[in-house]
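Coordinates as given in coords_5.txt (compact mmCIF, C-alpha atoms):
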```txt
# COMPACT_ATOMS: atom_id res chain seq x y z
CA MET T 851 22.92 -17.71 6.10
CA ILE T 852 19.39 -19.07 6.38
CA ASP T 853 18.29 -15.59 7.54
CA LEU T 854 19.66 -14.00 4.40
CA PHE T 855 18.04 -16.66 2.23
CA LEU T 856 14.65 -16.10 3.89
CA LEU T 857 15.02 -12.33 3.51
CA TYR T 858 15.68 -12.63 -0.21
CA ALA T 859 12.92 -15.21 -0.64
CA PHE T 860 10.36 -12.92 1.03
CA LEU T 861 11.61 -9.96 -1.00
CA ALA T 862 11.35 -11.86 -4.29
CA SER T 863 7.87 -13.02 -3.36
CA ALA T 864 6.80 -9.42 -2.61
CA LEU T 865 8.13 -8.20 -5.96
CA ALA T 866 6.48 -11.08 -7.82
CA GLY T 867 3.15 -10.31 -6.13
CA ALA T 868 3.45 -6.65 -7.13
CA VAL T 869 4.10 -7.60 -10.76
CA LEU T 870 1.15 -10.01 -10.68
CA MET T 871 -1.06 -7.14 -9.48
CA LEU T 872 -0.44 -5.34 -12.75
CA VAL T 873 -0.94 -8.40 -14.94
CA LEU T 874 -3.99 -10.13 -13.49
CA ARG T 875 -7.38 -9.28 -14.88
CA HIS T 876 -10.02 -9.73 -12.19
CA PRO T 877 -9.96 -7.40 -9.13
CA MET T 878 -10.31 -10.36 -6.76
CA ARG T 879 -7.10 -11.93 -8.10
CA VAL T 880 -5.37 -8.57 -7.83
CA ALA T 881 -6.51 -8.38 -4.20
CA LEU T 882 -5.10 -11.84 -3.49
CA ALA T 883 -1.80 -10.87 -5.14
CA LEU T 884 -1.72 -7.76 -2.92
CA VAL T 885 -2.36 -9.92 0.15
CA ALA T 886 0.57 -12.14 -0.88
CA THR T 887 2.76 -9.04 -1.29
CA MET T 888 1.78 -7.72 2.14
CA LEU T 889 2.41 -11.07 3.84
CA SER T 890 5.82 -11.27 2.18
CA LEU T 891 6.62 -7.73 3.33
CA ALA T 892 5.63 -8.74 6.87
CA GLY T 893 8.18 -11.55 6.53
CA VAL T 894 10.80 -9.03 5.38
CA TYR T 895 10.06 -6.80 8.39
CA ALA T 896 10.35 -9.79 10.72
CA MET T 897 13.68 -10.80 9.18
CA LEU T 898 14.92 -7.22 9.66
CA GLY T 899 14.06 -7.37 13.36
CA ALA T 900 11.05 -5.03 13.27
CA HIS T 901 8.73 -7.54 14.92
CA ALA T 902 6.13 -5.01 16.05
CA ILE T 903 5.75 -3.67 12.52
CA ALA T 904 5.46 -7.19 11.09
CA VAL T 905 2.61 -7.95 13.50
CA PHE T 906 0.84 -4.67 12.70
CA GLN T 907 1.31 -5.26 8.98
CA ILE T 908 -0.60 -8.53 9.22
CA LEU T 909 -3.21 -7.32 11.70
CA ILE T 910 -4.04 -3.96 10.12
CA TYR T 911 -3.28 -4.40 6.42
CA VAL T 912 -4.09 -8.03 5.73
CA GLY T 913 -6.60 -8.36 8.55
CA ALA T 914 -8.56 -5.13 8.21
CA VAL T 915 -7.84 -3.19 5.02
CA MET T 916 -7.69 -6.12 2.61
CA VAL T 917 -10.68 -7.90 4.12
CA PHE T 918 -12.62 -4.66 3.60
CA MET T 919 -11.33 -4.51 0.02
CA VAL T 920 -12.30 -8.12 -0.74
CA TYR T 921 -15.71 -7.48 0.79
CA VAL T 922 -16.26 -4.50 -1.51
CA ILE T 923 -15.10 -6.47 -4.57
CA MET T 924 -17.66 -9.16 -3.76
CA LEU T 925 -20.33 -6.52 -3.09
CA LEU T 926 -19.71 -4.70 -6.39
CA ASP T 927 -19.93 -7.60 -8.79
CA VAL T 928 -19.97 -5.32 -11.82
CA ARG T 929 -19.13 -6.86 -15.18
CA ASP T 930 -17.84 -4.16 -17.47
CA ASP T 931 -15.22 -3.39 -20.05
CA SER T 932 -12.39 -3.05 -17.51
CA LEU T 933 -12.46 -6.83 -16.94
CA VAL T 934 -11.69 -7.44 -20.62
CA HIS T 935 -9.30 -4.59 -21.40
CA ARG T 936 -6.95 -4.18 -18.46
CA TYR T 937 -4.98 -1.15 -19.59
CA ASN T 938 -5.90 2.29 -20.84
CA TRP T 939 -4.05 4.29 -23.47
CA MET T 940 -1.40 5.36 -20.95
CA LEU T 941 0.29 1.93 -21.11
CA VAL T 942 3.34 2.87 -23.20
CA PRO T 943 4.06 6.29 -21.59
CA GLY T 944 3.41 4.75 -18.18
CA VAL T 945 5.94 1.97 -18.72
CA ALA T 946 8.46 4.52 -20.00
CA ALA T 947 7.92 6.67 -16.89
CA PHE T 948 8.28 3.53 -14.75
CA ALA T 949 11.63 2.73 -16.34
CA LEU T 950 12.82 6.33 -15.86
CA LEU T 951 11.72 6.38 -12.21
CA VAL T 952 13.38 3.06 -11.40
CA ALA T 953 16.56 4.08 -13.19
CA GLY T 954 16.82 7.51 -11.56
CA LEU T 955 15.54 6.90 -8.04
CA GLY T 956 16.93 3.37 -7.94
CA ALA T 957 20.41 4.53 -8.90
CA GLY T 958 20.27 7.20 -6.19
CA VAL T 959 19.15 4.74 -3.53
CA TRP T 960 21.66 2.13 -4.68
CA GLY T 961 24.55 4.58 -4.49
CA GLY T 962 23.43 6.37 -1.35
CA LEU T 963 23.00 3.50 1.07
CA ALA T 964 25.88 2.29 3.19
CA PRO T 965 26.60 -1.42 3.73
CA PHE T 966 24.13 -3.46 5.68
CA VAL T 967 24.34 -3.64 9.46
CA ALA T 968 21.71 -5.90 10.98
CA GLY T 969 19.64 -3.88 13.43
CA LYS T 970 18.68 -5.10 16.86
CA ALA T 971 15.33 -6.83 17.15
CA TYR T 972 12.67 -4.29 17.94
CA GLY T 973 9.66 -5.80 19.67
CA VAL T 974 6.23 -4.65 20.73
CA LYS T 975 7.37 -3.65 24.22
CA ALA T 976 10.01 -1.19 23.01
CA PHE T 977 7.60 0.15 20.40
CA ALA T 978 4.83 0.71 22.93
CA THR T 979 7.17 2.42 25.42
CA ALA T 980 8.53 4.79 22.78
CA PHE T 981 5.11 5.42 21.30
CA LEU T 982 3.34 6.40 24.50
CA ASN T 983 6.27 8.19 26.17
CA GLU T 984 7.78 10.25 23.35
CA TYR T 985 5.15 10.24 20.60
CA TRP T 986 1.91 10.58 22.59
CA LEU T 987 0.98 13.76 20.72
CA HIS T 988 1.12 11.87 17.40
CA PHE T 989 -1.03 9.16 18.95
CA GLU T 990 -3.72 11.72 19.82
CA LEU T 991 -3.48 13.37 16.39
CA VAL T 992 -3.98 9.96 14.78
CA SER T 993 -7.18 9.47 16.76
CA VAL T 994 -8.38 12.87 15.52
CA LEU T 995 -7.55 11.78 11.94
CA LEU T 996 -9.54 8.56 12.36
CA VAL T 997 -12.57 10.43 13.72
CA ALA T 998 -12.36 12.84 10.77
CA ALA T 999 -12.20 9.87 8.37
CA VAL T 1000 -15.29 8.27 9.91
CA VAL T 1001 -17.22 11.55 9.72
CA ALA T 1002 -16.10 12.04 6.10
CA ALA T 1003 -17.17 8.52 5.13
CA ILE T 1004 -20.62 9.05 6.63
CA ALA T 1005 -20.88 12.45 4.92
CA VAL T 1006 -19.96 10.94 1.53
CA LEU T 1007 -22.65 8.31 1.89
CA GLU T 1008 -25.20 10.96 2.95
CA VAL T 1009 -24.57 12.80 -0.32
CA GLY T 1010 -25.77 9.78 -2.29
CA ARG T 1011 -29.05 9.45 -0.43
CA ARG T 1012 -32.22 11.12 -1.54
CA PRO T 1013 -33.10 14.17 0.57
CA ARG T 1014 -35.42 13.29 3.38
CA GLY T 1015 -38.63 15.24 3.29
CA MET A 670 25.81 -7.48 -3.27
CA ASP A 671 24.56 -5.53 -0.31
CA SER A 672 21.26 -6.51 1.19
CA LEU A 673 20.46 -3.01 2.49
CA GLN A 674 20.99 -1.58 -0.98
CA LEU A 675 18.87 -4.35 -2.45
CA LEU A 676 16.10 -3.68 0.08
CA GLY A 677 16.10 0.05 -0.66
CA TRP A 678 16.06 -0.63 -4.38
CA SER A 679 13.15 -3.07 -3.90
CA ALA A 680 11.21 -0.34 -2.09
CA VAL A 681 11.77 1.94 -5.09
CA VAL A 682 10.62 -0.78 -7.50
CA LEU A 683 7.52 -1.54 -5.42
CA PHE A 684 6.62 2.16 -5.32
CA ALA A 685 7.14 2.51 -9.07
CA LEU A 686 5.04 -0.60 -9.74
CA GLY A 687 2.23 0.84 -7.64
CA LEU A 688 2.44 4.16 -9.48
CA LEU A 689 2.45 2.32 -12.81
CA GLY A 690 -0.66 0.44 -11.75
CA VAL A 691 -2.45 3.66 -10.80
CA ILE A 692 -1.56 5.12 -14.19
CA ILE A 693 -2.28 2.25 -16.57
CA ARG A 694 -5.07 0.14 -15.03
CA ARG A 695 -8.69 0.95 -15.86
CA ASN A 696 -10.47 -0.63 -12.92
CA VAL A 697 -11.10 1.75 -9.99
CA LEU A 698 -10.68 -0.94 -7.32
CA VAL A 699 -7.39 -2.09 -8.84
CA MET A 700 -6.17 1.50 -8.79
CA LEU A 701 -7.03 1.75 -5.09
CA MET A 702 -5.09 -1.44 -4.40
CA CYS A 703 -2.10 -0.07 -6.31
CA MET A 704 -2.18 2.98 -4.01
CA GLU A 705 -2.01 0.57 -1.07
CA LEU A 706 1.02 -0.98 -2.72
CA MET A 707 2.68 2.45 -2.88
CA LEU A 708 2.05 2.97 0.85
CA ASN A 709 3.55 -0.46 1.52
CA ALA A 710 6.67 0.48 -0.44
CA VAL A 711 7.07 3.62 1.68
CA ASN A 712 6.77 1.48 4.81
CA LEU A 713 9.46 -0.86 3.51
CA SER A 714 11.80 2.06 2.87
CA LEU A 715 11.15 3.41 6.39
CA VAL A 716 11.98 0.05 7.95
CA VAL A 717 15.11 -0.26 5.83
CA PHE A 718 16.35 3.21 6.73
CA ALA A 719 15.60 2.48 10.41
CA GLN A 720 18.34 -0.15 10.28
CA ARG A 721 20.84 2.71 10.28
CA GLY A 722 18.92 5.24 12.36
CA ASP A 723 16.37 5.43 15.12
CA PRO A 724 14.05 2.39 15.09
CA ALA A 725 11.54 4.02 17.45
CA ALA A 726 10.90 7.00 15.19
CA ALA A 727 10.64 4.74 12.14
CA SER A 728 8.17 2.43 13.86
CA VAL A 729 5.97 5.35 14.86
CA LEU A 730 6.08 6.70 11.29
CA VAL A 731 5.16 3.27 9.89
CA PHE A 732 2.29 3.08 12.34
CA LEU A 733 1.07 6.52 11.20
CA VAL A 734 1.21 5.30 7.58
CA PHE A 735 -0.93 2.31 8.60
CA VAL A 736 -3.53 4.65 10.06
CA VAL A 737 -3.46 6.89 6.98
CA ALA A 738 -3.97 3.82 4.77
CA ALA A 739 -6.95 2.71 6.83
CA ALA A 740 -8.45 6.21 6.70
CA GLU A 741 -7.81 6.41 2.96
CA ILE A 742 -9.63 3.14 2.33
CA ALA A 743 -12.48 4.16 4.63
CA ILE A 744 -13.08 7.31 2.56
CA ALA A 745 -12.24 5.94 -0.90
CA ILE A 746 -14.59 2.96 -0.73
CA PRO A 747 -17.76 5.06 -0.13
CA ILE A 748 -16.71 7.30 -3.03
CA VAL A 749 -16.34 4.24 -5.28
CA LEU A 750 -19.72 2.96 -4.07
CA LEU A 751 -21.31 6.29 -5.03
CA LEU A 752 -19.65 6.26 -8.46
CA VAL A 753 -20.76 2.69 -9.15
CA ARG A 754 -24.30 3.46 -8.01
CA HIS A 755 -24.29 6.36 -10.48
CA LYS A 756 -22.91 4.58 -13.57
CA ARG A 757 -22.96 0.82 -12.84
CA SER A 758 -19.36 0.60 -14.02
CA LEU A 759 -15.92 0.26 -12.47
CA ASP A 760 -14.20 1.45 -15.63
CA LEU A 761 -12.57 4.87 -15.17
CA GLY A 762 -13.07 5.70 -18.85
CA SER A 763 -16.82 5.86 -18.34
CA TYR A 764 -16.39 8.66 -15.79
CA SER A 765 -14.76 11.04 -18.26
CA ASP A 766 -17.80 13.34 -18.11
CA LEU A 767 -16.75 14.23 -14.55
CA ARG A 768 -13.88 16.41 -15.79
CA GLY A 769 -14.38 20.06 -14.95
```
The structure in this file should be written as C-alpha cells.
Amino acid sequence: MIDLFLLYAFLASALAGAVLMLVLRHPMRVALALVATMLSLAGVYAMLGAHAIAVFQILIYVGAVMVFMVYVIMLLDVRDDSLVHRYNWMLVPGVAAFALLVAGLGAGVWGGLAPFVAGKAYGVKAFATAFLNEYWLHFELVSVLLVAAVVAAIAVLEVGRRPRG
Amino acid sequence: MDSLQLLGWSAVVLFALGLLGVIIRRNVLVMLMCMELMLNAVNLSLVVFAQRGDPAAASVLVFLVFVVAAAEIAIAIPIVLLLVRHKRSLDLGSYSDLRG
C-alpha cells in the first residue's frame, strides 16, 4: 500500500517537474525542474525494483550531466530576448501536436499493456554479472562511442579557434 | 486503475512534453534539457516494459541510453558555446541566417 502510494507520488512529481520545465522562464530554473524530474524518476525506478538503474540515474544524470548543464548556464550568462518571450510562433501547432501524440500513442500504450505484476528487485550485482557476461560487446562499443564523442567535442572547439600560424 | 498502464502512459506524456519543449521553447539550453527529458521518458518506458520481460536486457539498454545522453551533452554544449560566441545570444530566432 505504502509502496503504491510512493510510486504514484514520485510519478506525479516527475510529471509536475516536466510541466514546470515548459513554463519556467530562466534556464537555471528549468535545469532545477529537470533535476527534480530526474530524482523523481530515480524514485520510480527504485519502487519498481530496478535499484541499479536508480543509482545510475542519480550518479550519471543528476551527478554528471545536469551539473555540466548548470555549469554551462552559469558560464553563459547571456541576457537576450528568449528570457522575456519563452515561446516561438510554433506554440499553438506544437500544443495541438502534443495533444494528438498523447491521445494516439497514449491510447495504444494504455490498451496494449497487461495488468501490473511487480518485478523482482534487480540490484547492482545481477546487473554487473549480466552486463559483463552477456553484453560485453556492447560495453566495448560504448567505450568506442565515448572516445568518438570526446574527439568530436575537441574538434568542434578547434573549429572556433583562430588558425595558428 | 492499473499501475503498469499508468506508468507506460506517463512515459508517453513525459516524451511528448519533452518534444513539445523542443518545438516551442526559444532558448537553446532549454531545448537541450527538453531532449534530456525525452531520453528520460524512453528510460522510464524501458524500465516499465522490463517488468514483464527480461530485466537484464532492459538494464543494459537503459545504461546505453545513459551513455548516449552523456555523449550528446558533451557534443552539444561545445556547439552551443560556438554559437553563443558567434552571436552573443541564446535565442534560436537569431540564428535563422544559418538555414541553407
- Item | Atomic distance CA of Met878 in chain T - CA of Arg757 in chain A, expressed in Å with one decimal | 17.9 Å
- Message: List the spatial neighbours of Met897 in chain T as JSON, numbers by chain - criterion: any atom at most 12 Å away, only C-alpha atoms, same-chain residues fewer than 2 positions off excluded.
- Response: {"T": [851, 852, 853, 854, 855, 856, 857, 858, 859, 860, 861, 890, 891, 892, 893, 894, 895, 899, 900, 901, 902, 903, 904, 968, 969, 970, 971, 972], "A": [672, 676, 716, 717, 720]}
As JSON, please report the centre and edge lengths, rounded to one decimal in Å, of the axis-aligned box that holds all listed atoms of range 708-725 of chain A with 8 Å of padding on each of the six sides.
```
{"center_x": 11.4, "center_y": 2.3, "center_z": 8.5, "size_x": 34.8, "size_y": 22.3, "size_z": 33.9}
```
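Across the structure, CA of Tyr764 in chain A and CA of Leu698 in chain A are spaced 14.0 Å apart.
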- Query: For chain A against chain T, which residues fall within 7 Å using all atoms listed in the file, given as a ChimeraX atom specification?
  - Reply: /A:671-674,677-678,681-683,685-686,689-690,692-696,698-699,720,725,728-729,739-740,743-744,747-748,751,757-760
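With CA of Ala719 in chain A on one side and CA of Val905 in chain T on the other, the separation reads 16.9 Å.
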